[in-house]
$ cat my_file_38.txt   # compact mmCIF, C-alpha atoms
# COMPACT_ATOMS: atom_id res chain seq x y z
CA MET A 28 241.49 265.93 145.66
CA VAL A 29 239.78 268.07 143.09
CA ASP A 30 240.28 267.38 139.41
CA SER A 31 240.77 269.66 136.44
CA VAL A 32 237.18 269.50 135.15
CA PHE A 33 235.94 270.71 138.52
CA ILE A 34 238.43 273.59 138.58
CA GLY A 35 237.51 274.65 135.05
CA LEU A 36 233.81 274.58 135.83
CA SER A 37 234.42 276.57 139.02
CA VAL A 38 236.34 279.26 137.14
CA ILE A 39 233.61 279.53 134.48
CA THR A 40 230.72 279.55 136.97
CA ILE A 41 232.12 281.96 139.54
CA GLY A 42 233.78 284.20 136.97
CA SER A 43 230.64 284.69 134.96
CA ALA A 44 228.59 285.07 138.15
CA ILE A 45 230.79 288.02 139.11
CA LEU A 46 230.71 289.32 135.52
CA SER A 47 226.90 289.17 135.43
CA LEU A 48 226.76 291.62 138.33
CA GLU A 49 229.71 293.82 137.40
CA SER A 50 229.55 294.13 133.61
CA ARG A 51 228.87 297.62 132.36
CA GLU A 52 226.29 296.58 129.78
CA LEU A 53 223.17 294.95 131.20
CA LEU A 54 222.82 292.74 128.12
CA TYR A 55 226.27 291.22 128.63
CA GLY A 56 225.32 290.67 132.26
CA GLY A 57 222.33 288.60 131.15
CA ILE A 58 224.49 286.53 128.82
CA ALA A 59 227.08 286.00 131.60
CA LEU A 60 224.26 284.83 133.89
CA ALA A 61 223.27 282.26 131.24
CA ILE A 62 226.88 281.02 131.06
CA SER A 63 226.96 280.74 134.85
CA MET A 64 223.79 278.63 134.71
CA LEU A 65 225.49 276.43 132.10
CA GLY A 66 228.38 275.94 134.54
CA ILE A 67 225.91 274.84 137.23
CA ALA A 68 224.45 272.36 134.72
CA GLY A 69 228.00 271.03 134.24
CA TYR A 70 228.24 270.45 137.99
CA PHE A 71 224.97 268.53 137.82
CA ILE A 72 226.44 266.33 135.09
CA ILE A 73 229.58 265.47 137.08
CA LEU A 74 227.31 264.81 140.08
CA ASP A 75 225.51 262.07 138.07
CA ALA A 76 222.27 264.00 137.66
CA PRO A 77 221.95 264.33 133.86
CA PHE A 78 218.17 264.70 133.93
CA VAL A 79 218.34 267.68 136.27
CA ALA A 80 221.16 269.13 134.16
CA MET A 81 218.97 268.89 131.06
CA PHE A 82 216.10 270.52 132.94
CA GLN A 83 218.41 273.28 134.13
CA ILE A 84 219.64 273.99 130.60
CA ALA A 85 216.10 273.92 129.18
CA VAL A 86 214.61 276.17 131.85
CA TYR A 87 217.44 278.55 132.76
CA VAL A 88 219.54 278.85 129.63
CA GLY A 89 216.60 278.32 127.31
CA ALA A 90 213.74 280.19 128.94
CA VAL A 91 214.89 282.43 131.77
CA ALA A 92 217.96 283.83 130.00
CA VAL A 93 215.97 284.61 126.86
CA LEU A 94 213.25 286.24 128.99
CA ILE A 95 215.87 288.37 130.77
CA ILE A 96 217.57 289.37 127.51
CA PHE A 97 214.24 290.41 125.99
CA THR A 98 213.43 292.44 129.11
CA VAL A 99 216.81 294.15 128.87
CA MET A 100 216.02 295.06 125.27
CA LEU A 101 212.51 296.29 126.17
CA VAL A 102 213.65 298.32 129.16
CA ARG A 103 215.98 300.90 127.74
CA ALA A 104 217.63 302.22 130.85
CA PRO A 105 219.25 305.63 130.43
CA ASN A 106 222.39 304.59 132.31
CA THR A 107 223.16 301.11 133.52
CA VAL A 108 225.70 302.23 136.13
CA THR A 109 223.64 304.42 138.42
CA LYS A 110 224.87 307.13 140.70
CA LYS A 111 223.10 305.47 143.64
CA GLU A 112 225.78 302.78 143.80
CA THR A 113 228.25 304.84 145.78
CA ARG A 114 231.69 303.68 146.82
CA LYS A 115 230.60 303.42 150.46
CA ARG A 116 227.75 301.09 149.58
CA LYS A 117 230.06 299.01 147.42
CA VAL A 118 232.67 298.61 150.16
CA ALA A 119 229.93 297.67 152.62
CA GLY A 120 228.57 295.09 150.20
CA ILE A 121 231.99 293.54 149.57
CA LEU A 122 232.65 293.41 153.33
CA LEU A 123 229.27 291.79 153.98
CA GLY A 124 229.78 289.20 151.24
CA LEU A 125 233.29 288.39 152.48
CA ALA A 126 232.07 288.15 156.07
CA PHE A 127 229.38 285.68 155.04
CA LEU A 128 231.89 283.76 152.93
CA ILE A 129 234.40 283.46 155.77
CA LEU A 130 231.72 282.59 158.32
CA ALA A 131 230.02 279.89 156.25
CA GLY A 132 233.34 278.60 154.91
CA SER A 133 234.85 278.18 158.35
CA ILE A 134 231.67 276.54 159.62
CA LEU A 135 231.79 274.11 156.70
CA GLY A 136 235.51 273.47 157.12
CA ASN A 137 235.18 272.64 160.80
CA SER A 138 231.99 270.61 160.58
CA ALA A 139 231.51 266.91 160.00
CA VAL A 140 230.65 267.61 156.35
CA ASN A 141 234.41 267.47 155.87
CA GLN A 142 234.40 263.71 156.44
CA LEU A 143 231.48 262.97 154.09
CA LYS A 144 232.44 260.93 151.04
CA PHE A 145 230.66 260.23 147.79
CA ASN A 146 229.48 256.65 147.78
CA ASP A 147 230.90 255.11 144.62
CA ALA A 148 229.88 251.54 145.37
CA VAL A 149 226.15 251.96 144.82
CA PRO A 150 224.68 252.41 141.32
CA ILE A 151 224.01 255.97 140.29
CA VAL A 152 220.49 257.35 140.58
CA ASP A 153 218.64 256.86 137.30
CA VAL A 154 215.87 258.81 135.64
CA GLN A 155 213.36 256.04 136.23
CA ALA A 156 213.58 256.53 139.99
CA ILE A 157 212.93 260.26 139.59
CA GLY A 158 209.90 259.57 137.38
CA LYS A 159 208.54 257.08 139.88
CA GLU A 160 208.93 259.56 142.74
CA LEU A 161 207.23 262.29 140.71
CA MET A 162 204.31 260.08 139.73
CA THR A 163 203.65 258.40 143.08
CA TYR A 164 204.66 260.15 146.28
CA TYR A 165 205.10 263.66 144.92
CA SER A 166 202.17 263.67 142.46
CA PRO A 167 200.06 266.18 144.50
CA VAL A 168 203.12 268.45 144.64
CA LEU A 169 203.47 268.14 140.86
CA ILE A 170 199.84 269.17 140.34
CA VAL A 171 200.12 272.13 142.70
CA LEU A 172 203.35 273.15 141.00
CA ALA A 173 201.71 273.04 137.58
CA LEU A 174 198.89 275.27 138.84
CA THR A 175 201.43 277.64 140.41
CA LEU A 176 203.38 277.91 137.18
CA ALA A 177 200.22 278.52 135.14
CA ALA A 178 199.04 281.14 137.64
CA ALA A 179 202.42 282.87 137.58
CA VAL A 180 202.53 283.04 133.79
CA ILE A 181 198.94 284.30 133.57
CA GLY A 182 199.72 286.82 136.30
CA ALA A 183 202.78 288.05 134.44
CA LEU A 184 200.71 288.44 131.27
CA ALA A 185 198.01 290.34 133.15
CA LEU A 186 200.67 292.57 134.76
CA ALA A 187 202.37 293.45 131.49
CA ARG A 188 199.10 294.16 129.65
CA ARG A 189 198.77 297.71 128.39
CA GLU A 190 195.34 299.05 129.19
CA ASP A 191 195.77 302.35 127.36
CA ILE A 192 196.25 300.59 124.01
CA GLU A 193 193.20 298.40 124.59
CA GLU A 194 191.00 301.39 125.39
CA ARG A 195 192.14 303.11 122.23
CA ASN A 196 191.30 300.05 120.15
CA GLU A 197 187.87 299.39 121.62
CA PRO A 198 185.86 302.16 119.85
CA ALA A 199 187.21 301.02 116.50
CA ASN A 200 185.75 297.55 116.93
CA MET B 10 237.67 262.38 143.04
CA ASN B 11 235.74 265.32 144.40
CA GLN B 12 234.10 265.25 147.78
CA PRO B 13 230.79 266.89 148.82
CA ILE B 14 232.65 269.67 150.64
CA ASP B 15 234.05 271.06 147.36
CA PHE B 16 230.59 271.53 145.90
CA LEU B 17 229.38 273.09 149.13
CA TYR B 18 232.25 275.60 149.00
CA ILE B 19 231.22 276.55 145.45
CA ALA B 20 227.62 276.94 146.64
CA VAL B 21 228.75 279.20 149.50
CA ILE B 22 230.83 281.34 147.12
CA LEU B 23 227.85 281.76 144.76
CA LEU B 24 225.64 282.60 147.73
CA SER B 25 227.99 285.35 148.92
CA ILE B 26 228.24 286.79 145.39
CA GLY B 27 224.43 286.90 145.38
CA ILE B 28 224.34 288.63 148.78
CA TYR B 29 226.87 291.19 147.55
CA GLY B 30 224.70 291.89 144.51
CA LEU B 31 221.55 292.25 146.59
CA VAL B 32 223.26 294.75 148.91
CA VAL B 33 225.16 296.84 146.37
CA LYS B 34 223.17 296.89 143.15
CA ARG B 35 220.23 299.22 142.73
CA ASN B 36 219.29 298.10 139.23
CA ALA B 37 216.12 295.98 139.41
CA LEU B 38 217.37 293.51 136.82
CA ARG B 39 220.65 293.01 138.67
CA LEU B 40 218.64 292.20 141.81
CA ILE B 41 216.88 289.46 139.82
CA PHE B 42 220.30 288.18 138.69
CA SER B 43 221.40 287.99 142.33
CA ILE B 44 218.26 286.08 143.34
CA GLU B 45 218.88 283.60 140.51
CA LEU B 46 222.48 283.07 141.66
CA ILE B 47 221.32 282.33 145.21
CA ALA B 48 218.64 279.91 143.97
CA ASN B 49 221.22 278.08 141.87
CA ALA B 50 223.64 277.81 144.80
CA VAL B 51 220.91 276.09 146.80
CA ASN B 52 220.18 273.74 143.90
CA LEU B 53 223.87 272.81 143.71
CA ALA B 54 224.00 271.98 147.43
CA LEU B 55 220.85 269.85 147.13
CA ILE B 56 222.24 267.89 144.18
CA ALA B 57 225.57 267.35 145.97
CA PHE B 58 223.82 265.84 148.98
CA SER B 59 221.50 263.83 146.73
CA ARG B 60 224.58 262.30 145.06
CA MET B 61 226.18 261.59 148.42
CA LEU B 62 223.27 259.72 150.00
CA PRO B 63 222.43 258.57 147.13
CA SER B 64 218.73 259.33 146.87
CA PRO B 65 216.58 260.57 143.97
CA GLN B 66 214.52 262.80 146.26
CA GLY B 67 217.12 265.56 146.19
CA GLN B 68 216.87 265.67 142.41
CA VAL B 69 213.07 265.79 142.63
CA PHE B 70 213.32 268.78 144.97
CA VAL B 71 215.68 270.52 142.58
CA LEU B 72 213.22 270.01 139.72
CA PHE B 73 210.52 271.67 141.84
CA SER B 74 212.88 274.47 142.84
CA ILE B 75 213.84 275.21 139.22
CA ALA B 76 210.16 275.39 138.23
CA ILE B 77 209.36 277.71 141.15
CA SER B 78 212.19 280.09 140.31
CA ALA B 79 211.13 280.15 136.64
CA ALA B 80 207.67 281.29 137.79
CA GLU B 81 209.28 283.86 140.08
CA VAL B 82 211.39 285.27 137.24
CA ALA B 83 208.34 285.58 134.99
CA VAL B 84 206.41 287.58 137.59
CA GLY B 85 209.46 289.64 138.55
CA LEU B 86 210.20 290.68 134.98
CA GLY B 87 206.51 291.55 134.49
CA ILE B 88 206.67 293.81 137.55
CA ILE B 89 209.88 295.42 136.25
CA ILE B 90 208.25 296.18 132.89
CA VAL B 91 205.21 297.73 134.59
CA ALA B 92 207.47 299.81 136.87
CA TYR B 93 209.51 300.94 133.88
CA ARG B 94 206.31 302.12 132.22
CA PHE B 95 205.47 304.25 135.28
CA TYR B 96 208.88 305.67 136.19
CA LYS B 97 210.87 305.40 132.93
CA ASP B 98 213.69 303.86 134.96
CA ILE B 99 214.62 300.49 136.45
CA ASP B 100 216.53 301.91 139.41
CA VAL B 101 214.77 300.72 142.57
CA THR B 102 215.63 303.91 144.46
CA GLU B 103 213.47 305.81 141.95
CA TYR B 104 210.37 303.81 142.90
CA LYS B 105 209.22 306.38 145.43
CA ASN B 106 205.52 305.55 145.62
CA LEU B 107 206.16 302.47 147.70
CA LYS B 108 207.90 304.55 150.38
CA ASN B 109 205.88 306.47 153.04
$ encode --input "my_file_38.txt" --output "structure tokens"
Amino acid sequence: MVDSVFIGLSVITIGSAILSLESRELLYGGIALAISMLGIAGYFIILDAPFVAMFQIAVYVGAVAVLIIFTVMLVRAPNTVTKKETRKRKVAGILLGLAFLILAGSILGNSAVNQLKFNDAVPIVDVQAIGKELMTYYSPVLIVLALTLAAAVIGALALARREDIEERNEPAN
Amino acid sequence: MNQPIDFLYIAVILLSIGIYGLVVKRNALRLIFSIELIANAVNLALIAFSRMLPSPQGQVFVLFSIAISAAEVAVGLGIIIVAYRFYKDIDVTEYKNLKN
């Protein structure tokens, strides 16, 4: 059976996930997305993965949410609810989402996943094991990932650079 | 005590909310929100199975996945800012130069 902590986390996560897409103000949507990410971090904690939960809070709530909120402030959209989101498109989207939900839910409910149980006898996975995996078997992946992250950040900086301002400043120097 | 199936149901619900957002919303930032929701649903499923086995490799994969989606968000927001500078709008239907 499910317990009360799980139900509370589910309400917070799913409610703010819906709110992040449906809120009228884009800024509140970004904040609701951050709260939804916090709910996911709570799931990670009750799944005995505190290190991943900390990483999730640091990266999503700390970095990504702040990045999104700053972008919302930079991009001053004239109207957040656009006329392109017609009622027909909305009904089609709700139907598609519900169809996927029912399909995947019934597949899950009828599959053998139903009989899987959490193994409480074994000791929980500790941070040391994760560190050992990262440093030994997955160390090439870690290096490639670091390069990818650096390349992505440099690429984002190069994308957002304003060339017109630089050209105006060059004759002065 | 919870079972893995509960967490998988939550992941499926988040995934369908993300699909709904990708289909309906035409605001570029909302599309990024939807992509983030889908990525987080996948992370939740991976952690649930990692707890069930139990094996630390699922957690390692989730660490990689979080880093990848952080990079993706950085590039995506950069592209949105550049597009806003060109079109003065973040509605993806206004981005007409990519069509035809």
$ closest_atom_pairs --input "my_file_38.txt" --of "chain A" --to "chain B" --cutoff "7 Å" --atoms "all atoms listed in the file" --output "JSON lines"
{"residue": "A:Met28", "atom": "CA", "partner": "B:Met10", "partner_atom": "CA", "distance": 5.8}
{"residue": "A:Val29", "atom": "CA", "partner": "B:Asn11", "partner_atom": "CA", "distance": 5.1}
{"residue": "A:Asp30", "atom": "CA", "partner": "B:Met10", "partner_atom": "CA", "distance": 6.7}
{"residue": "A:Ile41", "atom": "CA", "partner": "B:Leu23", "partner_atom": "CA", "distance": 6.7}
{"residue": "A:Ile45", "atom": "CA", "partner": "B:Ile26", "partner_atom": "CA", "distance": 6.9}
{"residue": "A:Leu48", "atom": "CA", "partner": "B:Arg39", "partner_atom": "CA", "distance": 6.3}
{"residue": "A:Phe71", "atom": "CA", "partner": "B:Ile56", "partner_atom": "CA", "distance": 7.0}
{"residue": "A:Leu74", "atom": "CA", "partner": "B:Arg60", "partner_atom": "CA", "distance": 6.2}
{"residue": "A:Val79", "atom": "CA", "partner": "B:Leu72", "partner_atom": "CA", "distance": 6.6}
{"residue": "A:Val91", "atom": "CA", "partner": "B:Ala79", "partner_atom": "CA", "distance": 6.6}
{"residue": "A:Thr98", "atom": "CA", "partner": "B:Leu86", "partner_atom": "CA", "distance": 6.9}
{"residue": "A:Val102", "atom": "CA", "partner": "B:Tyr93", "partner_atom": "CA", "distance": 6.8}
{"residue": "A:Ala104", "atom": "CA", "partner": "B:Asp98", "partner_atom": "CA", "distance": 5.9}
{"residue": "A:Lys111", "atom": "CA", "partner": "B:Arg35", "partner_atom": "CA", "distance": 6.9}
{"residue": "A:Glu112", "atom": "CA", "partner": "B:Lys34", "partner_atom": "CA", "distance": 6.5}
{"residue": "A:Arg116", "atom": "CA", "partner": "B:Val33", "partner_atom": "CA", "distance": 5.9}
{"residue": "A:Lys117", "atom": "CA", "partner": "B:Val33", "partner_atom": "CA", "distance": 5.5}
{"residue": "A:Gly120", "atom": "CA", "partner": "B:Tyr29", "partner_atom": "CA", "distance": 5.0}
{"residue": "A:Ile121", "atom": "CA", "partner": "B:Tyr29", "partner_atom": "CA", "distance": 6.0}
{"residue": "A:Leu123", "atom": "CA", "partner": "B:Tyr29", "partner_atom": "CA", "distance": 6.9}
{"residue": "A:Gly124", "atom": "CA", "partner": "B:Ser25", "partner_atom": "CA", "distance": 4.8}
{"residue": "A:Phe127", "atom": "CA", "partner": "B:Ser25", "partner_atom": "CA", "distance": 6.3}
{"residue": "A:Leu128", "atom": "CA", "partner": "B:Ser25", "partner_atom": "CA", "distance": 5.8}
{"residue": "A:Ala131", "atom": "CA", "partner": "B:Val21", "partner_atom": "CA", "distance": 6.9}
{"residue": "A:Gly132", "atom": "CA", "partner": "B:Tyr18", "partner_atom": "CA", "distance": 6.7}
{"residue": "A:Val140", "atom": "CA", "partner": "B:Ile14", "partner_atom": "CA", "distance": 6.4}
{"residue": "A:Asn141", "atom": "CA", "partner": "B:Ile14", "partner_atom": "CA", "distance": 5.9}
{"residue": "A:Leu143", "atom": "CA", "partner": "B:Pro13", "partner_atom": "CA", "distance": 6.6}
{"residue": "A:Lys144", "atom": "CA", "partner": "B:Gln12", "partner_atom": "CA", "distance": 5.7}
{"residue": "A:Phe145", "atom": "CA", "partner": "B:Met61", "partner_atom": "CA", "distance": 4.7}
{"residue": "A:Asn146", "atom": "CA", "partner": "B:Met61", "partner_atom": "CA", "distance": 6.0}
{"residue": "A:Val152", "atom": "CA", "partner": "B:Pro65", "partner_atom": "CA", "distance": 6.1}
{"residue": "A:Ala156", "atom": "CA", "partner": "B:Pro65", "partner_atom": "CA", "distance": 6.4}
{"residue": "A:Ile157", "atom": "CA", "partner": "B:Pro65", "partner_atom": "CA", "distance": 5.7}
{"residue": "A:Leu176", "atom": "CA", "partner": "B:Ala80", "partner_atom": "CA", "distance": 5.5}
{"residue": "A:Ala179", "atom": "CA", "partner": "B:Ala80", "partner_atom": "CA", "distance": 5.5}
{"residue": "A:Val180", "atom": "CA", "partner": "B:Ala83", "partner_atom": "CA", "distance": 6.5}
{"residue": "A:Gly182", "atom": "CA", "partner": "B:Val84", "partner_atom": "CA", "distance": 6.9}
{"residue": "A:Ala183", "atom": "CA", "partner": "B:Val84", "partner_atom": "CA", "distance": 4.8}
{"residue": "A:Leu186", "atom": "CA", "partner": "B:Gly87", "partner_atom": "CA", "distance": 5.9}
{"residue": "A:Ala187", "atom": "CA", "partner": "B:Gly87", "partner_atom": "CA", "distance": 5.5}
$ atom_distance --input "my_file_38.txt" --atom1 "atom CA of A:Leu161" --atom2 "atom CA of A:Phe78"
13.1 Å
$ residues_around --input "my_file_38.txt" --residues "A:Ala44" --least-positions-apart "5" --cutoff "7 Å" --atoms "only C-alpha atoms" --output "list in words"
Ala59, Leu60 and Ser63 of chain A
$ atom_distance --input "my_file_38.txt" --atom1 "atom CA of A:Ile73" --atom2 "atom CA of A:Phe33"
8.4 Å
$ atom_distance --input "my_file_38.txt" --atom1 "atom CA of A:Leu46" --atom2 "atom CA of A:Leu122"
18.4 Å
$ residues_around --input "my_file_38.txt" --residues "A:Gly57" --least-positions-apart "6" --cutoff "8 Å" --atoms "all atoms listed in the file" --output "ChimeraX atom specification"
/A:47,92,95-96 /B:42
$ build_atoms --input "my_file_38.txt" --residues "stretch 73-84 of chain B" --atoms "all heavy atoms" --output "PDB file, in the coordinates of the input"
ATOM      1  N   PHE B  73     211.551 270.763 141.336  1.00  0.00           N
ATOM      2  CA  PHE B  73     210.520 271.670 141.840  1.00  0.00           C
ATOM      3  C   PHE B  73     211.072 273.075 142.009  1.00  0.00           C
ATOM      4  O   PHE B  73     210.423 274.068 141.646  1.00  0.00           O
ATOM      5  CB  PHE B  73     209.969 271.171 143.187  1.00  0.00           C
ATOM      6  CG  PHE B  73     209.185 269.905 143.083  1.00  0.00           C
ATOM      7  CD1 PHE B  73     209.085 269.050 144.153  1.00  0.00           C
ATOM      8  CD2 PHE B  73     208.555 269.564 141.904  1.00  0.00           C
ATOM      9  CE1 PHE B  73     208.371 267.878 144.056  1.00  0.00           C
ATOM     10  CE2 PHE B  73     207.834 268.397 141.797  1.00  0.00           C
ATOM     11  CZ  PHE B  73     207.738 267.553 142.882  1.00  0.00           C
ATOM     12  N   SER B  74     212.281 273.159 142.554  1.00  0.00           N
ATOM     13  CA  SER B  74     212.880 274.470 142.840  1.00  0.00           C
ATOM     14  C   SER B  74     213.124 275.250 141.554  1.00  0.00           C
ATOM     15  O   SER B  74     212.884 276.466 141.495  1.00  0.00           O
ATOM     16  CB  SER B  74     214.168 274.255 143.615  1.00  0.00           C
ATOM     17  OG  SER B  74     215.004 275.352 143.492  1.00  0.00           O
ATOM     18  N   ILE B  75     213.595 274.530 140.493  1.00  0.00           N
ATOM     19  CA  ILE B  75     213.840 275.210 139.220  1.00  0.00           C
ATOM     20  C   ILE B  75     212.521 275.751 138.656  1.00  0.00           C
ATOM     21  O   ILE B  75     212.447 276.893 138.183  1.00  0.00           O
ATOM     22  CB  ILE B  75     214.520 274.249 138.223  1.00  0.00           C
ATOM     23  CG1 ILE B  75     215.956 273.970 138.651  1.00  0.00           C
ATOM     24  CG2 ILE B  75     214.524 274.827 136.830  1.00  0.00           C
ATOM     25  CD1 ILE B  75     216.637 272.935 137.803  1.00  0.00           C
ATOM     26  N   ALA B  76     211.447 274.939 138.755  1.00  0.00           N
ATOM     27  CA  ALA B  76     210.160 275.390 138.230  1.00  0.00           C
ATOM     28  C   ALA B  76     209.660 276.606 138.989  1.00  0.00           C
ATOM     29  O   ALA B  76     209.162 277.575 138.388  1.00  0.00           O
ATOM     30  CB  ALA B  76     209.144 274.255 138.301  1.00  0.00           C
ATOM     31  N   ILE B  77     209.809 276.584 140.328  1.00  0.00           N
ATOM     32  CA  ILE B  77     209.360 277.710 141.150  1.00  0.00           C
ATOM     33  C   ILE B  77     210.123 278.975 140.766  1.00  0.00           C
ATOM     34  O   ILE B  77     209.545 280.062 140.605  1.00  0.00           O
ATOM     35  CB  ILE B  77     209.563 277.406 142.650  1.00  0.00           C
ATOM     36  CG1 ILE B  77     208.585 276.351 143.107  1.00  0.00           C
ATOM     37  CG2 ILE B  77     209.401 278.658 143.475  1.00  0.00           C
ATOM     38  CD1 ILE B  77     207.219 276.838 143.365  1.00  0.00           C
ATOM     39  N   SER B  78     211.451 278.858 140.584  1.00  0.00           N
ATOM     40  CA  SER B  78     212.190 280.090 140.310  1.00  0.00           C
ATOM     41  C   SER B  78     211.918 280.577 138.887  1.00  0.00           C
ATOM     42  O   SER B  78     212.011 281.789 138.638  1.00  0.00           O
ATOM     43  CB  SER B  78     213.679 279.919 140.571  1.00  0.00           C
ATOM     44  OG  SER B  78     214.199 278.899 139.807  1.00  0.00           O
ATOM     45  N   ALA B  79     211.550 279.674 137.966  1.00  0.00           N
ATOM     46  CA  ALA B  79     211.130 280.150 136.640  1.00  0.00           C
ATOM     47  C   ALA B  79     209.867 280.982 136.754  1.00  0.00           C
ATOM     48  O   ALA B  79     209.757 282.060 136.143  1.00  0.00           O
ATOM     49  CB  ALA B  79     210.919 278.968 135.706  1.00  0.00           C
ATOM     50  N   ALA B  80     208.901 280.523 137.573  1.00  0.00           N
ATOM     51  CA  ALA B  80     207.670 281.290 137.790  1.00  0.00           C
ATOM     52  C   ALA B  80     207.983 282.640 138.414  1.00  0.00           C
ATOM     53  O   ALA B  80     207.449 283.683 138.005  1.00  0.00           O
ATOM     54  CB  ALA B  80     206.722 280.500 138.678  1.00  0.00           C
ATOM     55  N   GLU B  81     208.921 282.623 139.383  1.00  0.00           N
ATOM     56  CA  GLU B  81     209.280 283.860 140.080  1.00  0.00           C
ATOM     57  C   GLU B  81     209.910 284.866 139.120  1.00  0.00           C
ATOM     58  O   GLU B  81     209.605 286.064 139.166  1.00  0.00           O
ATOM     59  CB  GLU B  81     210.220 283.497 141.223  1.00  0.00           C
ATOM     60  CG  GLU B  81     210.960 284.621 141.837  1.00  0.00           C
ATOM     61  CD  GLU B  81     212.435 284.428 141.690  1.00  0.00           C
ATOM     62  OE1 GLU B  81     212.914 283.313 141.934  1.00  0.00           O
ATOM     63  OE2 GLU B  81     213.115 285.377 141.302  1.00  0.00           O
ATOM     64  N   VAL B  82     210.761 284.363 138.210  1.00  0.00           N
ATOM     65  CA  VAL B  82     211.390 285.270 137.240  1.00  0.00           C
ATOM     66  C   VAL B  82     210.345 285.867 136.311  1.00  0.00           C
ATOM     67  O   VAL B  82     210.396 287.062 135.992  1.00  0.00           O
ATOM     68  CB  VAL B  82     212.479 284.533 136.448  1.00  0.00           C
ATOM     69  CG1 VAL B  82     212.885 285.328 135.244  1.00  0.00           C
ATOM     70  CG2 VAL B  82     213.673 284.317 137.317  1.00  0.00           C
ATOM     71  N   ALA B  83     209.366 285.053 135.900  1.00  0.00           N
ATOM     72  CA  ALA B  83     208.340 285.580 134.990  1.00  0.00           C
ATOM     73  C   ALA B  83     207.580 286.715 135.645  1.00  0.00           C
ATOM     74  O   ALA B  83     207.410 287.793 135.056  1.00  0.00           O
ATOM     75  CB  ALA B  83     207.385 284.450 134.586  1.00  0.00           C
ATOM     76  N   VAL B  84     207.154 286.519 136.908  1.00  0.00           N
ATOM     77  CA  VAL B  84     206.410 287.580 137.590  1.00  0.00           C
ATOM     78  C   VAL B  84     207.300 288.790 137.856  1.00  0.00           C
ATOM     79  O   VAL B  84     206.879 289.943 137.673  1.00  0.00           O
ATOM     80  CB  VAL B  84     205.801 287.034 138.899  1.00  0.00           C
ATOM     81  CG1 VAL B  84     205.135 288.142 139.666  1.00  0.00           C
ATOM     82  CG2 VAL B  84     204.812 285.959 138.597  1.00  0.00           C
TER      83      VAL B  84
END
